[in-house]
file data_22.cif (mmCIF, N, CA and C atoms)
data_query
#
loop_
_atom_site.group_PDB
_atom_site.id
_atom_site.type_symbol
_atom_site.label_atom_id
_atom_site.label_comp_id
_atom_site.auth_asym_id
_atom_site.auth_seq_id
_atom_site.Cartn_x
_atom_site.Cartn_y
_atom_site.Cartn_z
ATOM 1 N N MET A 1 -1.418 -3.029 28.959
ATOM 2 C CA MET A 1 -0.461 -1.998 29.262
ATOM 3 C C MET A 1 -0.844 -0.678 28.598
ATOM 4 N N LEU A 2 -1.150 -0.721 27.295
ATOM 5 C CA LEU A 2 -1.503 0.502 26.590
ATOM 6 C C LEU A 2 -2.955 0.912 26.821
ATOM 7 N N ASN A 3 -3.741 0.073 27.449
ATOM 8 C CA ASN A 3 -5.146 0.392 27.694
ATOM 9 C C ASN A 3 -5.314 1.503 28.730
ATOM 10 N N ASN A 4 -4.314 1.718 29.567
ATOM 11 C CA ASN A 4 -4.442 2.674 30.656
ATOM 12 C C ASN A 4 -3.844 4.044 30.341
ATOM 13 N N ILE A 5 -3.462 4.309 29.110
ATOM 14 C CA ILE A 5 -2.817 5.588 28.788
ATOM 15 C C ILE A 5 -3.825 6.728 28.870
ATOM 16 N N GLY A 6 -4.893 6.662 28.123
ATOM 17 C CA GLY A 6 -5.912 7.704 28.147
ATOM 18 C C GLY A 6 -5.481 8.957 27.400
ATOM 19 N N LEU A 7 -6.373 9.933 27.369
ATOM 20 C CA LEU A 7 -6.134 11.175 26.639
ATOM 21 C C LEU A 7 -5.009 12.009 27.256
ATOM 22 N N PRO A 8 -4.955 12.185 28.583
ATOM 23 C CA PRO A 8 -3.849 12.984 29.140
ATOM 24 C C PRO A 8 -2.475 12.372 28.861
ATOM 25 N N GLY A 9 -2.382 11.062 28.875
ATOM 26 C CA GLY A 9 -1.112 10.396 28.571
ATOM 27 C C GLY A 9 -0.689 10.609 27.136
ATOM 28 N N ILE A 10 -1.651 10.524 26.220
ATOM 29 C CA ILE A 10 -1.347 10.734 24.806
ATOM 30 C C ILE A 10 -0.902 12.175 24.576
ATOM 31 N N LEU A 11 -1.571 13.134 25.215
ATOM 32 C CA LEU A 11 -1.168 14.536 25.077
ATOM 33 C C LEU A 11 0.235 14.763 25.632
ATOM 34 N N LEU A 12 0.555 14.148 26.750
ATOM 35 C CA LEU A 12 1.886 14.287 27.337
ATOM 36 C C LEU A 12 2.954 13.710 26.415
ATOM 37 N N ILE A 13 2.678 12.559 25.824
ATOM 38 C CA ILE A 13 3.621 11.949 24.886
ATOM 39 C C ILE A 13 3.807 12.847 23.665
ATOM 40 N N ALA A 14 2.711 13.417 23.151
ATOM 41 C CA ALA A 14 2.796 14.299 21.993
ATOM 42 C C ALA A 14 3.638 15.533 22.307
ATOM 43 N N VAL A 15 3.477 16.119 23.489
ATOM 44 C CA VAL A 15 4.252 17.298 23.868
ATOM 45 C C VAL A 15 5.732 16.950 23.999
ATOM 46 N N VAL A 16 6.037 15.819 24.598
ATOM 47 C CA VAL A 16 7.438 15.404 24.756
ATOM 48 C C VAL A 16 8.087 15.171 23.392
ATOM 49 N N VAL A 17 7.376 14.516 22.483
ATOM 50 C CA VAL A 17 7.913 14.263 21.141
ATOM 51 C C VAL A 17 8.133 15.589 20.415
ATOM 52 N N LEU A 18 7.186 16.515 20.548
ATOM 53 C CA LEU A 18 7.313 17.821 19.900
ATOM 54 C C LEU A 18 8.514 18.590 20.440
ATOM 55 N N VAL A 19 8.738 18.534 21.735
ATOM 56 C CA VAL A 19 9.877 19.229 22.345
ATOM 57 C C VAL A 19 11.199 18.576 21.915
ATOM 58 N N LEU A 20 11.239 17.249 21.881
ATOM 59 C CA LEU A 20 12.481 16.561 21.543
ATOM 60 C C LEU A 20 12.881 16.743 20.078
ATOM 61 N N PHE A 21 11.940 16.619 19.178
ATOM 62 C CA PHE A 21 12.266 16.620 17.759
ATOM 63 C C PHE A 21 12.029 17.953 17.069
ATOM 64 N N GLY A 22 11.161 18.769 17.581
ATOM 65 C CA GLY A 22 10.859 20.042 16.937
ATOM 66 C C GLY A 22 9.820 19.900 15.850
ATOM 67 N N ARG A 23 9.168 21.012 15.563
ATOM 68 C CA ARG A 23 8.069 20.998 14.603
ATOM 69 C C ARG A 23 8.539 20.667 13.194
ATOM 70 N N GLY A 24 9.686 21.189 12.780
ATOM 71 C CA GLY A 24 10.183 20.963 11.421
ATOM 72 C C GLY A 24 10.519 19.511 11.154
ATOM 73 N N LYS A 25 11.157 18.885 12.120
ATOM 74 C CA LYS A 25 11.536 17.472 11.949
ATOM 75 C C LYS A 25 10.303 16.581 11.882
ATOM 76 N N ILE A 26 9.309 16.870 12.709
ATOM 77 C CA ILE A 26 8.090 16.054 12.717
ATOM 78 C C ILE A 26 7.317 16.233 11.412
ATOM 79 N N SER A 27 7.231 17.472 10.905
ATOM 80 C CA SER A 27 6.490 17.692 9.658
ATOM 81 C C SER A 27 7.186 17.018 8.481
ATOM 82 N N SER A 28 8.525 17.051 8.458
ATOM 83 C CA SER A 28 9.225 16.365 7.371
ATOM 84 C C SER A 28 9.073 14.851 7.489
ATOM 85 N N LEU A 29 9.055 14.344 8.716
ATOM 86 C CA LEU A 29 8.853 12.919 8.934
ATOM 87 C C LEU A 29 7.457 12.490 8.479
ATOM 88 N N MET A 30 6.455 13.289 8.788
ATOM 89 C CA MET A 30 5.089 12.962 8.363
ATOM 90 C C MET A 30 4.959 13.051 6.843
ATOM 91 N N GLY A 31 5.707 13.978 6.217
ATOM 92 C CA GLY A 31 5.713 14.053 4.755
ATOM 93 C C GLY A 31 6.279 12.785 4.142
ATOM 94 N N GLU A 32 7.348 12.271 4.732
ATOM 95 C CA GLU A 32 7.937 11.024 4.248
ATOM 96 C C GLU A 32 6.996 9.841 4.454
ATOM 97 N N VAL A 33 6.292 9.835 5.569
ATOM 98 C CA VAL A 33 5.316 8.760 5.822
ATOM 99 C C VAL A 33 4.205 8.824 4.774
ATOM 100 N N GLY A 34 3.750 10.031 4.454
ATOM 101 C CA GLY A 34 2.718 10.195 3.426
ATOM 102 C C GLY A 34 3.184 9.710 2.067
ATOM 103 N N LYS A 35 4.427 10.026 1.712
ATOM 104 C CA LYS A 35 4.976 9.558 0.433
ATOM 105 C C LYS A 35 5.079 8.036 0.406
ATOM 106 N N GLY A 36 5.454 7.468 1.536
ATOM 107 C CA GLY A 36 5.552 6.010 1.620
ATOM 108 C C GLY A 36 4.199 5.336 1.454
ATOM 109 N N ILE A 37 3.177 5.898 2.080
ATOM 110 C CA ILE A 37 1.831 5.338 1.957
ATOM 111 C C ILE A 37 1.344 5.444 0.519
ATOM 112 N N THR A 38 1.592 6.588 -0.116
ATOM 113 C CA THR A 38 1.180 6.777 -1.509
ATOM 114 C C THR A 38 1.891 5.780 -2.417
ATOM 115 N N SER A 39 3.184 5.596 -2.193
ATOM 116 C CA SER A 39 3.949 4.645 -2.995
ATOM 117 C C SER A 39 3.453 3.220 -2.784
ATOM 118 N N PHE A 40 3.118 2.876 -1.546
ATOM 119 C CA PHE A 40 2.602 1.545 -1.241
ATOM 120 C C PHE A 40 1.279 1.296 -1.961
ATOM 121 N N LYS A 41 0.375 2.271 -1.905
ATOM 122 C CA LYS A 41 -0.917 2.126 -2.585
ATOM 123 C C LYS A 41 -0.730 1.988 -4.095
ATOM 124 N N LYS A 42 0.205 2.770 -4.659
ATOM 125 C CA LYS A 42 0.464 2.692 -6.090
ATOM 126 C C LYS A 42 1.014 1.316 -6.463
ATOM 127 N N GLY A 43 1.912 0.791 -5.660
ATOM 128 C CA GLY A 43 2.468 -0.535 -5.915
ATOM 129 C C GLY A 43 1.421 -1.629 -5.828
ATOM 130 N N ILE A 44 0.521 -1.507 -4.850
ATOM 131 C CA ILE A 44 -0.552 -2.503 -4.719
ATOM 132 C C ILE A 44 -1.471 -2.457 -5.932
ATOM 133 N N SER A 45 -1.838 -1.262 -6.382
ATOM 134 C CA SER A 45 -2.744 -1.166 -7.532
ATOM 135 C C SER A 45 -2.070 -1.665 -8.805
ATOM 136 N N GLU A 46 -0.778 -1.371 -8.976
ATOM 137 C CA GLU A 46 -0.068 -1.868 -10.155
ATOM 138 C C GLU A 46 0.061 -3.387 -10.118
ATOM 139 N N GLY A 47 0.295 -3.938 -8.939
ATOM 140 C CA GLY A 47 0.404 -5.386 -8.813
ATOM 141 C C GLY A 47 -0.909 -6.085 -9.113
ATOM 142 N N SER A 48 -2.003 -5.537 -8.610
ATOM 143 C CA SER A 48 -3.304 -6.155 -8.883
ATOM 144 C C SER A 48 -3.675 -6.007 -10.353
ATOM 145 N N LYS A 49 -3.299 -4.876 -10.977
ATOM 146 C CA LYS A 49 -3.571 -4.686 -12.405
ATOM 147 C C LYS A 49 -2.774 -5.697 -13.226
ATOM 148 N N GLU A 50 -1.531 -5.931 -12.830
ATOM 149 C CA GLU A 50 -0.702 -6.907 -13.530
ATOM 150 C C GLU A 50 -1.282 -8.309 -13.411
ATOM 151 N N LEU A 51 -1.777 -8.659 -12.239
ATOM 152 C CA LEU A 51 -2.396 -9.973 -12.063
ATOM 153 C C LEU A 51 -3.668 -10.110 -12.900
ATOM 154 N N GLU A 52 -4.455 -9.042 -12.972
ATOM 155 C CA GLU A 52 -5.669 -9.081 -13.799
ATOM 156 C C GLU A 52 -5.320 -9.225 -15.268
ATOM 157 N N ASP A 53 -4.258 -8.534 -15.724
ATOM 158 C CA ASP A 53 -3.837 -8.648 -17.117
ATOM 159 C C ASP A 53 -3.362 -10.056 -17.435
ATOM 160 N N ASP A 54 -2.618 -10.667 -16.516
ATOM 161 C CA ASP A 54 -2.164 -12.045 -16.719
ATOM 162 C C ASP A 54 -3.344 -13.007 -16.772
ATOM 163 N N ALA A 55 -4.327 -12.795 -15.920
ATOM 164 C CA ALA A 55 -5.506 -13.654 -15.921
ATOM 165 C C ALA A 55 -6.306 -13.463 -17.206
ATOM 166 N N ALA A 56 -6.352 -12.236 -17.722
ATOM 167 C CA ALA A 56 -7.073 -11.973 -18.961
ATOM 168 C C ALA A 56 -6.373 -12.642 -20.140
ATOM 169 N N GLU A 57 -5.052 -12.638 -20.158
ATOM 170 C CA GLU A 57 -4.319 -13.296 -21.239
ATOM 171 C C GLU A 57 -4.544 -14.809 -21.211
ATOM 172 N N ASP A 58 -4.584 -15.381 -20.028
ATOM 173 C CA ASP A 58 -4.831 -16.809 -19.910
ATOM 174 C C ASP A 58 -6.249 -17.164 -20.332
ATOM 175 N N ALA A 59 -7.185 -16.279 -20.117
ATOM 176 C CA ALA A 59 -8.582 -16.547 -20.424
ATOM 177 C C ALA A 59 -8.898 -16.345 -21.903
ATOM 178 N N LYS A 60 -8.057 -15.662 -22.657
ATOM 179 C CA LYS A 60 -8.339 -15.393 -24.066
ATOM 180 C C LYS A 60 -8.362 -16.671 -24.898
ATOM 181 N N ASP A 61 -7.393 -17.513 -24.753
ATOM 182 C CA ASP A 61 -7.283 -18.706 -25.585
ATOM 183 C C ASP A 61 -7.842 -19.897 -24.812
ATOM 184 N N VAL A 62 -9.097 -20.236 -25.104
ATOM 185 C CA VAL A 62 -9.734 -21.348 -24.405
ATOM 186 C C VAL A 62 -9.965 -22.549 -25.315
ATOM 187 N N THR A 63 -9.598 -22.423 -26.597
ATOM 188 C CA THR A 63 -9.810 -23.540 -27.513
ATOM 189 C C THR A 63 -8.685 -24.548 -27.331
ATOM 190 N N PRO A 64 -9.009 -25.822 -27.376
ATOM 191 C CA PRO A 64 -7.949 -26.844 -27.264
ATOM 192 C C PRO A 64 -7.071 -26.836 -28.519
ATOM 193 N N ALA A 65 -5.880 -27.320 -28.405
ATOM 194 C CA ALA A 65 -4.917 -27.325 -29.520
ATOM 195 C C ALA A 65 -5.392 -28.229 -30.650
ATOM 196 N N ASP A 66 -6.126 -29.300 -30.341
ATOM 197 C CA ASP A 66 -6.602 -30.210 -31.373
ATOM 198 C C ASP A 66 -7.645 -29.557 -32.253
ATOM 199 N N ALA A 67 -8.425 -28.638 -31.760
ATOM 200 C CA ALA A 67 -9.469 -27.983 -32.538
ATOM 201 C C ALA A 67 -8.878 -27.129 -33.655
ATOM 202 N N GLU A 68 -7.725 -26.537 -33.419
ATOM 203 C CA GLU A 68 -7.078 -25.726 -34.468
ATOM 204 C C GLU A 68 -6.574 -26.613 -35.599
ATOM 205 N N LYS A 69 -6.153 -27.808 -35.303
ATOM 206 C CA LYS A 69 -5.689 -28.718 -36.355
ATOM 207 C C LYS A 69 -6.852 -29.150 -37.240
ATOM 208 N N ASP A 70 -8.050 -29.288 -36.672
ATOM 209 C CA ASP A 70 -9.211 -29.696 -37.436
ATOM 210 C C ASP A 70 -9.649 -28.609 -38.403
ATOM 211 N N LYS A 71 -9.402 -27.338 -38.064
ATOM 212 C CA LYS A 71 -9.823 -26.214 -38.903
ATOM 213 C C LYS A 71 -9.034 -26.162 -40.205
ATOM 214 N N VAL A 72 -7.802 -26.633 -40.197
ATOM 215 C CA VAL A 72 -6.937 -26.523 -41.380
ATOM 216 C C VAL A 72 -7.265 -27.533 -42.374
#
call {"tool": "encode", "arguments": {"input": "data_22.cif", "output": "structure tokens"}}
result
Amino acid sequence: MLNNIGLPGILLIAVVVLVLFGRGKISSLMGEVGKGITSFKKGISEGSKELEDDAAEDAKDVTPADAEKDKV
């Protein structure tokens, strides 16, 4: 269905959207989309950093509990 749109169809849709919503509304909408994308990327990077920190904490203590008793 969408394979047959082509460049003239996309231009027509863009003109209709511009006429219906106006330039100001579209620019503010695109600004909000940009903020959302930035927030999403920040959340993904913070989540992956948190997972790496948790994995690093688990990897720090690799000695078995019995070995510490032998040291005393």
call {"tool": "atom_distance", "arguments": {"input": "data_22.cif", "atom1": "atom CA of Ser45 of chain A", "atom2": "atom CA of Gly31 of chain A"}}
result
21.3 Å
call {"tool": "atom_distance", "arguments": {"input": "data_22.cif", "atom1": "atom CA of Gly36 of chain A", "atom2": "atom CA of Glu52 of chain A"}}
result
24.3 Å
call {"tool": "atom_distance", "arguments": {"input": "data_22.cif", "atom1": "atom CA of Lys41 of chain A", "atom2": "atom CA of Ser27 of chain A"}}
result
21.1 Å
